[in-house]
Amino acid sequence: MNQTSETPEYRMPPEEISALLDAPGTPDISVDPNGRWILMLAKPGLPPISELAREELRLAGLRIDPNANGQSRSGYYTGLTLLRIADGLQRPVTGLPKDGRIGSPQWAPDGSRVAFTVRDGSGIRLWCAGRDSGAARQVSDVRLNGIFGAPFAWIPSGPDRIPSLIVRAVPDERGEVPRAPRVPRGPEIRANAGQPAPSRTYQDLLQGAHDETLFEYYATSRLVVIASDGSARDLGAPGIIRRAEPAPGGAHLLVETLHRPYSYLVPHYRFPVRVEVWNMDGLLIRELVDAPLAENVPIAFDAVPEGPRSFGWRNDAHATVCWVEAQDGGDPAVEADVRDRVYALSGPFDRAPALLQSLEMRYAGLTWGDDAMALVTERWWQTRRTRTWRFAPDAVSNDRKLLVDRSWEDRYGDPGTPLLTSNPAGRRVLLTGGGGRHLFLAGGGASPEGDFPFLDRLDLNTKSTERIWQCEPPYYEQPVRLIDQADGVLLTLRESAQNPPNVFSRALKTGDVRQLTAFPQPAPQLSNVRKEIIQYRRADGVGLNGTLYLPPGYSEEQGPLPLLIWAYPREFRSADAAAQVTGSPHRFTRVTWTTPLPWLTQGYAVLDGPSMPIVGEEGVEANDSYVTQLVSSAEAAVEEVVRRGVADRNRIAIGGHSYGGFMAANLLAHSDLFRAGIARSGAYNRTLTPFGFQSEERTLWQAPEVYHAMSAFMHADRIRAPLLLIHGEADNNSGTFPMQSERLYNALKGHGATTRLVMLPHESHGYSARESVMHVFWEMTQWLARHL
């Protein structure tokens with residue numbers, strides 16, 4: 001059939017699938033700073049397409065709702081409930097506005113209340129709910145500016161001060177929205193004066209002078225201190241303030257303000273930025289840096305801008321700001337013994353900064369504890385190596401002790417992440433025991449049998465660990481918070497293959513377990529699904545694994561089934577790391593628009609997340625053999641499911657989203673393993689991403705043969721199996737322009753392939769509207785039924 005278009009109409013998948021997609025999500029949770037209360041946050045269902053069709057501005061890498069003066073497409077909550085850990089008492093938060101969208105919930109430092117935003121048709125405003133009463137109220141009528149995310153932060157204060165917050169607010173007198181001139185003043189001109197400025201393919205960038213004006217109009221904020229009693233006072237002058245963070249002592253602000261010249265090549269976070277310390281009267285105490293436009297940062301993964309960066313308060317100090325400076329010009333290609341240095345400057349901010357640490361690799365984060373202990377982490381992309389050092393931030397010397405030195409690809413060897421606790425300022429710091437001798441490490445517990453999260457006690461003197469607790473089958477259980485170290489009370493999230501995650505309280509010393517929440521099973525239709533992590537090898541010996549699902553009620557007597565393989569390839573430096581098992585057979589079977597699991601209700605088997613590793617060892621770039629390794633991994637997966645007798649070799653489809661869609665198209669071009677394919681929101685012509693993509697750091701001009709070999713578009717004449725292409729018309733992901741699917745469709749049609757292109761109005765890289773999601777599952781259901 002050569003039909004090129006159909007009447008636009010959203011369609012619904014089978015009822016069994018739509019019911020799964022409409023099932024309510026399990027609430028999120030937030031534990032208060034004192035470990036006594038849990039805030040449960042109810043999630044909405046899929047929004048209507050009319051919501052995505054609202055006016056939206058795309059400026060400087062941001063997507064803006066001009067009516068709310070906040071981010072468009074942002075997630076929100078529909079209800080709040082407080083739960084007391086001691087006795088399980090639940091207290092619904094009352095007084096919330098009908099249909100208001102709740103965002104950015106934050107506990108006060110003392111845990112006495114929760115602040116959050118409520119968005120409605122007139123804007124975003126600050127609300128607060130008392131812990132003991134559960135009553136919510138609007139704190140102020142000031143309109144907040146949510147362009148750069150959460151528009152408020154608690155100001156740490158003593159018991160004799162009224163709890164207050166700093167907010168980014170819409171200026172009172174900013175005038176009407178600027179209108180684009182009907183008659184242009186002249187051409188839009190872009191020029192370069194011989195300086196290299198390589199850039200990945202960013203979306204939603206500024207396009208001209210009017211875009212710059214609009215960006216300034218919506219991004220400009222004034223800072224306002226709002227007390228919990230509703231009183232308010234302005235601080236300083238308005239500006240494009242992307243961050244205003246109070247110091248732990250509550251007497252200073254760290255303020256970051258963007259300014260001209262802007263860029264049409266990179267997003268807002270590369271614009272010139274002035275970083276300053278203010279006092280709480282809005283007066284400038286010290287300018288820390290005025291960083292220039294960062295257009296010429298190399299594209300390599302360990303590349304960073306020159307000059308000071310990564311500013312932040314030291315969480316355990318009254319007023320100490322820290323930052324990092326590259327010593328190699330920010331270029332990983334430059335040889336250097338020291339890559340980064342970490343500096344600190346304490347109030348009154350009138351001295352030279354102190355050097356805290358010098359790092360041989362790129363800075364990757366600081367975790368504060370107290371005067372005698374902090375952790376600094378460094379990492380290097382090319383080697384996948386990461387190290388964590390322990391040092392005393394108040395010491396005269398820069399001595400340090402190595403705590404962790406490993407490959408981050410090695411999941412089996414991951415020692416875990418230190419648990420944190422809240423200090424009186426509400427800041428997260430290291431949780432220690434034994435008079436500062438012990439840290440507590442929570443890890444994923446990856447193993448050849450799957451993931452079994454754990455909690456360890458680390459002795460800092462001997463570096464030995466003691467296993468305090470580890471989850472056991474048939475559950476998957478994660479540590480959340482050690483709320484009582486003396487009595488060993490641990491909060492966990494526990495789930496199983498049949499039950500969604502719920503909060504439990506564990507008394508580690510006595511073994512007592514108490515369930516605190518009872519979130520229901522949202523998808524009982526899948527309760528009897530058979531789930532198994534299967535392991536196998538590809539031809540070159542690399543170990544592979546994936547999660548095999550069989551429909552409810554399936555028995556071997558039924559014989560082979562049609563099978564959908566849904567995958568996403570990943571790059572590795574180590575074949576051993578690539579072979580490690582991921583996932584757990586005991587995790588709850590979650591159903592979202594991202595998963596292929598709804599087709600279990602239609603009688604299909606599903607192989608979800610099978611390993612498709614692209615390995616580059618001993619100086620060899622992984623993508624030099626991308627196609628060969630990809631096809632070999634797919635062959636191994638097909639052979640394994642056929643060997644097990646659960647899949648019919650002639651009725652297997654391959655599919656994926658984003659880089660997984662790119663994979664699916666390549667597998668159809670370079671193998672005959674699959675009866676059909678589904679490729680969603682992929683990038684199929686790598687010449688359109690010439691300055692690198694995914695984990696590829698080389699440019700098109702440095703590795704043209706690699707770009708050509710990996711581009712399914714270049715091999716469209718070899719695709720004979722039917723291919724369904726789906727793409728959001730408003731895709732904002734780097735490199736996955738909607739035209740990628742349009743051009744591949746045209747190429748396939750030109751060569752007589754069986755193909756179908758579905759372009760989703762208003763949808764981004766991830767699909768969100770109910771009409772869109774349902775239609776995608778209708779399309780995929782029809783495609784699988786027709787070709788399998």
# chains A, B, ... in the order shown; residues from 1 in each chain; ligands from 1

call {"tool": "select_by_dssp", "arguments": {"residues": "range 37-238 of chain A", "states": "helix (DSSP H, G or I)", "output": "number ranges by chain"}}
result
A: 49-52, 209-219

call {"tool": "closest_atom_pairs", "arguments": {"of": "range 218-237 of chain A", "to": "range 273-290 of chain A", "cutoff": "12 Å", "atoms": "only C-alpha atoms", "output": "JSON lines"}}
result
{"residue": "A:Arg222", "atom": "CA", "partner": "A:Gly282", "partner_atom": "CA", "distance": 10.7}
{"residue": "A:Leu223", "atom": "CA", "partner": "A:Gly282", "partner_atom": "CA", "distance": 8.6}
{"residue": "A:Val224", "atom": "CA", "partner": "A:Gly282", "partner_atom": "CA", "distance": 9.6}
{"residue": "A:Val225", "atom": "CA", "partner": "A:Met280", "partner_atom": "CA", "distance": 8.7}
{"residue": "A:Arg233", "atom": "CA", "partner": "A:Asp281", "partner_atom": "CA", "distance": 9.3}
{"residue": "A:Asp234", "atom": "CA", "partner": "A:Gly282", "partner_atom": "CA", "distance": 8.0}
{"residue": "A:Leu235", "atom": "CA", "partner": "A:Gly282", "partner_atom": "CA", "distance": 4.4}
{"residue": "A:Gly236", "atom": "CA", "partner": "A:Gly282", "partner_atom": "CA", "distance": 4.4}
{"residue": "A:Ala237", "atom": "CA", "partner": "A:Gly282", "partner_atom": "CA", "distance": 8.1}

call {"tool": "residues_around", "arguments": {"residues": "Arg698 in chain A", "least_positions_apart": "5", "cutoff": "10 Å", "atoms": "only C-alpha atoms", "output": "count of residues only"}}
result
11

call {"tool": "residues_around", "arguments": {"residues": "range 203-210 of chain A", "least_positions_apart": "2", "cutoff": "9 Å", "atoms": "only C-alpha atoms", "output": "ChimeraX atom specification"}}
result
/A:57-63,178-181,188-189,201,212-215,262-268,731-735,737

call {"tool": "write_last_selection", "arguments": {"atoms": "C-alpha atoms", "output": "mmCIF file, in the first residue's frame"}}
result
data_model
loop_
_atom_site.group_PDB
_atom_site.id
_atom_site.type_symbol
_atom_site.label_atom_id
_atom_site.label_comp_id
_atom_site.auth_asym_id
_atom_site.auth_seq_id
_atom_site.Cartn_x
_atom_site.Cartn_y
_atom_site.Cartn_z
ATOM 1 C CA LEU A 57 8.516 29.590 24.274
ATOM 2 C CA ARG A 58 11.789 27.852 23.426
ATOM 3 C CA LEU A 59 14.666 30.082 24.400
ATOM 4 C CA ALA A 60 18.323 29.459 25.280
ATOM 5 C CA GLY A 61 17.770 25.739 25.820
ATOM 6 C CA LEU A 62 14.715 26.357 28.039
ATOM 7 C CA ARG A 63 11.054 25.603 27.446
ATOM 8 C CA PRO A 178 7.917 42.449 23.885
ATOM 9 C CA ARG A 179 6.496 42.001 20.410
ATOM 10 C CA ALA A 180 8.540 40.989 17.413
ATOM 11 C CA PRO A 181 8.868 43.816 14.890
ATOM 12 C CA GLU A 188 20.393 38.245 11.404
ATOM 13 C CA ILE A 189 24.175 37.894 11.251
ATOM 14 C CA THR A 201 23.706 19.711 18.545
ATOM 15 C CA GLU A 212 17.244 37.692 23.312
ATOM 16 C CA THR A 213 14.682 40.291 24.374
ATOM 17 C CA LEU A 214 12.120 37.627 25.238
ATOM 18 C CA PHE A 215 14.707 35.648 27.199
ATOM 19 C CA TYR A 262 24.359 35.684 24.719
ATOM 20 C CA SER A 263 24.959 32.832 22.311
ATOM 21 C CA TYR A 264 23.083 31.278 19.421
ATOM 22 C CA LEU A 265 25.337 28.208 19.635
ATOM 23 C CA VAL A 266 25.050 27.027 23.262
ATOM 24 C CA PRO A 267 22.321 27.031 25.964
ATOM 25 C CA HIS A 268 21.934 29.476 28.843
ATOM 26 C CA ASP A 731 11.874 16.774 20.326
ATOM 27 C CA ASN A 732 14.393 18.805 22.348
ATOM 28 C CA ASN A 733 17.016 16.114 22.911
ATOM 29 C CA SER A 734 20.503 16.806 21.609
ATOM 30 C CA GLY A 735 20.824 15.336 18.116
ATOM 31 C CA PHE A 737 15.841 16.322 15.548
#

call {"tool": "closest_residue", "arguments": {"among": "A:Ser658, A:Thr547, A:Thr78, A:Gln90", "to": "Gly103 in chain A", "atoms": "only C-alpha atoms"}}
result
A:Thr78

call {"tool": "closest_residue", "arguments": {"among": "A:Lys531, A:Lys509, A:His708, A:Arg675", "to": "Thr589 in chain A", "atoms": "only C-alpha atoms"}}
result
A:Lys531

call {"tool": "closest_atom_pairs", "arguments": {"of": "range 693-748 of chain A", "to": "range 666-671 of chain A", "cutoff": "6 Å", "atoms": "only C-alpha atoms", "output": "Markdown table"}}
result
| residue | atom | partner | partner_atom | distance |
| --- | --- | --- | --- | --- |
| A:Ala712 | CA | A:Asn666 | CA | 5.1 |
| A:Arg718 | CA | A:Ala669 | CA | 5.1 |
| A:Ile719 | CA | A:Ala669 | CA | 4.5 |

call {"tool": "residues_around", "arguments": {"residues": "Gly682 in chain A", "least_positions_apart": "4", "cutoff": "9 Å", "atoms": "only C-alpha atoms", "output": "list in words"}}
result
Gly656, His657, Ser658, Tyr659, Gly660, Gly661, Phe662, Met663, Ala665, Leu725, Ile726, His727, Gly735, Thr736, Phe737, Pro738, Gln740 and Ser741 of chain A

call {"tool": "write_last_selection", "arguments": {"atoms": "C-alpha atoms", "output": "compact mmCIF listing (two decimals), in the first residue's frame"}}
result
# COMPACT_ATOMS: atom_id res chain seq x y z
CA GLY A 656 13.97 0.89 21.21
CA HIS A 657 13.71 4.57 22.06
CA SER A 658 16.31 7.28 21.34
CA TYR A 659 19.69 5.51 21.05
CA GLY A 660 17.66 2.32 21.23
CA GLY A 661 15.71 3.43 18.16
CA PHE A 662 19.02 4.14 16.43
CA MET A 663 20.06 0.59 17.37
CA ALA A 665 17.29 0.74 12.59
CA LEU A 725 9.15 5.18 13.00
CA ILE A 726 7.69 7.37 15.78
CA HIS A 727 8.94 10.82 16.76
CA GLY A 735 20.82 15.34 18.12
CA THR A 736 17.41 13.68 17.77
CA PHE A 737 15.84 16.32 15.55
CA PRO A 738 12.39 15.30 14.21
CA GLN A 740 15.98 12.46 11.57
CA SER A 741 12.88 10.25 11.35

call {"tool": "atom_distance", "arguments": {"atom1": "CA of Leu455 in chain A", "atom2": "CA of Leu441 in chain A"}}
result
5.6 Å

call {"tool": "closest_residue", "arguments": {"among": "A:Thr432, A:Ser711, A:Gln558, A:Thr81", "to": "Ile29 in chain A", "atoms": "only C-alpha atoms"}}
result
A:Thr81

call {"tool": "residues_around", "arguments": {"residues": "range 168-174 of chain A", "least_positions_apart": "6", "cutoff": "9 Å", "atoms": "only C-alpha atoms", "output": "ChimeraX atom specification"}}
result
/A:69,142-146,150-152,217-224,238,241-244

call {"tool": "write_last_selection", "arguments": {"atoms": "N, CA, C and O atoms", "output": "PDB file, in the first residue's frame"}}
result
ATOM      1  N   ASN A  69       5.211  31.880  33.855  1.00  0.00           N
ATOM      2  CA  ASN A  69       6.595  32.327  34.005  1.00  0.00           C
ATOM      3  C   ASN A  69       7.434  31.241  34.709  1.00  0.00           C
ATOM      4  O   ASN A  69       8.185  31.485  35.645  1.00  0.00           O
ATOM      5  N   VAL A 142       3.176  37.103  46.075  1.00  0.00           N
ATOM      6  CA  VAL A 142       4.277  37.380  45.148  1.00  0.00           C
ATOM      7  C   VAL A 142       4.341  36.281  44.099  1.00  0.00           C
ATOM      8  O   VAL A 142       4.339  35.090  44.422  1.00  0.00           O
ATOM      9  N   ARG A 143       4.393  36.669  42.822  1.00  0.00           N
ATOM     10  CA  ARG A 143       4.522  35.691  41.733  1.00  0.00           C
ATOM     11  C   ARG A 143       5.979  35.270  41.620  1.00  0.00           C
ATOM     12  O   ARG A 143       6.878  36.103  41.532  1.00  0.00           O
ATOM     13  N   LEU A 144       6.205  33.968  41.602  1.00  0.00           N
ATOM     14  CA  LEU A 144       7.559  33.443  41.537  1.00  0.00           C
ATOM     15  C   LEU A 144       7.991  33.214  40.088  1.00  0.00           C
ATOM     16  O   LEU A 144       7.157  32.988  39.207  1.00  0.00           O
ATOM     17  N   ASN A 145       9.301  33.248  39.892  1.00  0.00           N
ATOM     18  CA  ASN A 145       9.862  33.001  38.569  1.00  0.00           C
ATOM     19  C   ASN A 145      10.525  31.625  38.574  1.00  0.00           C
ATOM     20  O   ASN A 145      11.583  31.435  39.181  1.00  0.00           O
ATOM     21  N   GLY A 146       9.894  30.668  37.912  1.00  0.00           N
ATOM     22  CA  GLY A 146      10.382  29.296  37.919  1.00  0.00           C
ATOM     23  C   GLY A 146      11.141  28.897  36.676  1.00  0.00           C
ATOM     24  O   GLY A 146      11.275  27.697  36.399  1.00  0.00           O
ATOM     25  N   ALA A 150      13.393  25.214  40.806  1.00  0.00           N
ATOM     26  CA  ALA A 150      12.781  25.588  42.087  1.00  0.00           C
ATOM     27  C   ALA A 150      13.098  27.037  42.419  1.00  0.00           C
ATOM     28  O   ALA A 150      14.264  27.409  42.550  1.00  0.00           O
ATOM     29  N   PRO A 151      12.081  27.883  42.594  1.00  0.00           N
ATOM     30  CA  PRO A 151      12.325  29.327  42.723  1.00  0.00           C
ATOM     31  C   PRO A 151      12.472  29.811  44.165  1.00  0.00           C
ATOM     32  O   PRO A 151      12.372  31.009  44.420  1.00  0.00           O
ATOM     33  N   PHE A 152      12.717  28.915  45.109  1.00  0.00           N
ATOM     34  CA  PHE A 152      12.843  29.358  46.499  1.00  0.00           C
ATOM     35  C   PHE A 152      13.796  28.450  47.249  1.00  0.00           C
ATOM     36  O   PHE A 152      14.115  27.331  46.816  1.00  0.00           O
ATOM     37  N   TYR A 217      13.159  39.148  29.242  1.00  0.00           N
ATOM     38  CA  TYR A 217      11.867  39.490  29.824  1.00  0.00           C
ATOM     39  C   TYR A 217      11.413  38.403  30.801  1.00  0.00           C
ATOM     40  O   TYR A 217      10.999  38.694  31.934  1.00  0.00           O
ATOM     41  N   TYR A 218      11.471  37.141  30.375  1.00  0.00           N
ATOM     42  CA  TYR A 218      10.955  36.058  31.211  1.00  0.00           C
ATOM     43  C   TYR A 218      11.961  35.556  32.241  1.00  0.00           C
ATOM     44  O   TYR A 218      11.581  35.007  33.276  1.00  0.00           O
ATOM     45  N   ALA A 219      13.259  35.723  31.986  1.00  0.00           N
ATOM     46  CA  ALA A 219      14.263  35.178  32.899  1.00  0.00           C
ATOM     47  C   ALA A 219      14.657  36.158  34.002  1.00  0.00           C
ATOM     48  O   ALA A 219      15.258  35.751  35.000  1.00  0.00           O
ATOM     49  N   THR A 220      14.341  37.427  33.857  1.00  0.00           N
ATOM     50  CA  THR A 220      14.708  38.413  34.872  1.00  0.00           C
ATOM     51  C   THR A 220      13.876  38.219  36.146  1.00  0.00           C
ATOM     52  O   THR A 220      12.654  38.068  36.090  1.00  0.00           O
ATOM     53  N   SER A 221      14.568  38.235  37.263  1.00  0.00           N
ATOM     54  CA  SER A 221      13.915  38.064  38.569  1.00  0.00           C
ATOM     55  C   SER A 221      14.374  39.147  39.528  1.00  0.00           C
ATOM     56  O   SER A 221      15.420  39.775  39.337  1.00  0.00           O
ATOM     57  N   ARG A 222      13.585  39.333  40.565  1.00  0.00           N
ATOM     58  CA  ARG A 222      14.030  40.092  41.730  1.00  0.00           C
ATOM     59  C   ARG A 222      14.081  39.124  42.901  1.00  0.00           C
ATOM     60  O   ARG A 222      13.298  38.166  42.959  1.00  0.00           O
ATOM     61  N   LEU A 223      15.003  39.339  43.821  1.00  0.00           N
ATOM     62  CA  LEU A 223      15.089  38.499  44.999  1.00  0.00           C
ATOM     63  C   LEU A 223      14.243  39.097  46.109  1.00  0.00           C
ATOM     64  O   LEU A 223      14.295  40.314  46.364  1.00  0.00           O
ATOM     65  N   VAL A 224      13.468  38.246  46.759  1.00  0.00           N
ATOM     66  CA  VAL A 224      12.582  38.678  47.832  1.00  0.00           C
ATOM     67  C   VAL A 224      12.724  37.706  49.002  1.00  0.00           C
ATOM     68  O   VAL A 224      12.729  36.488  48.814  1.00  0.00           O
ATOM     69  N   PRO A 238      17.042  43.735  40.311  1.00  0.00           N
ATOM     70  CA  PRO A 238      16.638  42.615  39.458  1.00  0.00           C
ATOM     71  C   PRO A 238      17.737  42.251  38.468  1.00  0.00           C
ATOM     72  O   PRO A 238      18.584  43.072  38.106  1.00  0.00           O
ATOM     73  N   ILE A 241      18.790  36.177  37.380  1.00  0.00           N
ATOM     74  CA  ILE A 241      19.355  35.464  38.527  1.00  0.00           C
ATOM     75  C   ILE A 241      18.948  33.992  38.425  1.00  0.00           C
ATOM     76  O   ILE A 241      17.779  33.655  38.593  1.00  0.00           O
ATOM     77  N   ARG A 242      19.901  33.150  38.136  1.00  0.00           N
ATOM     78  CA  ARG A 242      19.574  31.731  37.998  1.00  0.00           C
ATOM     79  C   ARG A 242      19.728  30.982  39.314  1.00  0.00           C
ATOM     80  O   ARG A 242      19.255  29.847  39.445  1.00  0.00           O
ATOM     81  N   ARG A 243      20.390  31.606  40.301  1.00  0.00           N
ATOM     82  CA  ARG A 243      20.599  30.918  41.570  1.00  0.00           C
ATOM     83  C   ARG A 243      20.780  31.931  42.681  1.00  0.00           C
ATOM     84  O   ARG A 243      21.457  32.942  42.494  1.00  0.00           O
ATOM     85  N   ALA A 244      20.156  31.679  43.813  1.00  0.00           N
ATOM     86  CA  ALA A 244      20.343  32.487  45.014  1.00  0.00           C
ATOM     87  C   ALA A 244      20.265  31.545  46.201  1.00  0.00           C
ATOM     88  O   ALA A 244      19.181  31.175  46.650  1.00  0.00           O
TER      89      ALA A 244
END

call {"tool": "residues_around", "arguments": {"residues": "range 485-487 of chain A", "least_positions_apart": "6", "cutoff": "8 Å", "atoms": "only C-alpha atoms", "output": "VMD selection string"}}
result
chain A and resid 433 507 to 509

call {"tool": "atom_distance", "arguments": {"atom1": "CA of Pro522 in chain A", "atom2": "CA of Trp107 in chain A"}}
result
28.5 Å

call {"tool": "select_by_dssp", "arguments": {"residues": "range 217-358 of chain A", "states": "strand (DSSP E or B)", "output": "PyMOL selection string"}}
result
chain A and resi 221-227+232-246+252-258+273-279+284-291+308-313+320-326+340-346+354-358

call {"tool": "atom_distance", "arguments": {"atom1": "CA of Asn398 in chain A", "atom2": "CA of Arg385 in chain A"}}
result
22.2 Å

call {"tool": "closest_residue", "arguments": {"among": "A:Gln602, A:Thr465, A:Thr582, A:Thr594", "to": "Pro448 in chain A", "atoms": "only C-alpha atoms"}}
result
A:Thr582

call {"tool": "closest_atom_pairs", "arguments": {"of": "range 488-535 of chain A", "to": "range 468-484 of chain A", "cutoff": "8 Å", "atoms": "only C-alpha atoms", "output": "JSON lines"}}
result
{"residue": "A:Gly488", "atom": "CA", "partner": "A:Asp484", "partner_atom": "CA", "distance": 5.6}
{"residue": "A:Val489", "atom": "CA", "partner": "A:Asp484", "partner_atom": "CA", "distance": 4.9}
{"residue": "A:Leu490", "atom": "CA", "partner": "A:Leu482", "partner_atom": "CA", "distance": 4.4}
{"residue": "A:Leu491", "atom": "CA", "partner": "A:Arg481", "partner_atom": "CA", "distance": 5.2}
{"residue": "A:Thr492", "atom": "CA", "partner": "A:Pro479", "partner_atom": "CA", "distance": 4.5}
{"residue": "A:Leu493", "atom": "CA", "partner": "A:Gln478", "partner_atom": "CA", "distance": 5.2}
{"residue": "A:Arg494", "atom": "CA", "partner": "A:Glu477", "partner_atom": "CA", "distance": 4.1}
{"residue": "A:Glu495", "atom": "CA", "partner": "A:Tyr476", "partner_atom": "CA", "distance": 5.3}
{"residue": "A:Ser496", "atom": "CA", "partner": "A:Tyr475", "partner_atom": "CA", "distance": 4.7}
{"residue": "A:Ala497", "atom": "CA", "partner": "A:Tyr475", "partner_atom": "CA", "distance": 7.7}
{"residue": "A:Leu508", "atom": "CA", "partner": "A:Trp469", "partner_atom": "CA", "distance": 7.5}

call {"tool": "write_last_selection", "arguments": {"atoms": "C-alpha atoms", "output": "short mmCIF file (atom, residue, chain, number, x, y, z; two decimals), in the first residue's frame"}}
result
data_model
loop_
_atom_site.label_atom_id
_atom_site.label_comp_id
_atom_site.auth_asym_id
_atom_site.auth_seq_id
_atom_site.Cartn_x
_atom_site.Cartn_y
_atom_site.Cartn_z
CA GLY A 488 19.74 0.91 64.51
CA VAL A 489 16.45 2.00 62.92
CA LEU A 490 16.63 1.95 59.13
CA LEU A 491 13.99 3.19 56.71
CA THR A 492 13.81 1.17 53.49
CA LEU A 493 11.79 0.96 50.30
CA ARG A 494 10.78 -2.67 49.77
CA GLU A 495 9.23 -4.16 46.67
CA SER A 496 8.80 -7.57 45.07
CA ALA A 497 7.89 -8.87 41.64
CA LEU A 508 18.52 -3.77 62.85
#

call {"tool": "closest_residue", "arguments": {"among": "A:Arg570, A:Arg384, A:Lys749, A:Arg427", "to": "Ala247 in chain A", "atoms": "only C-alpha atoms"}}
result
A:Arg427
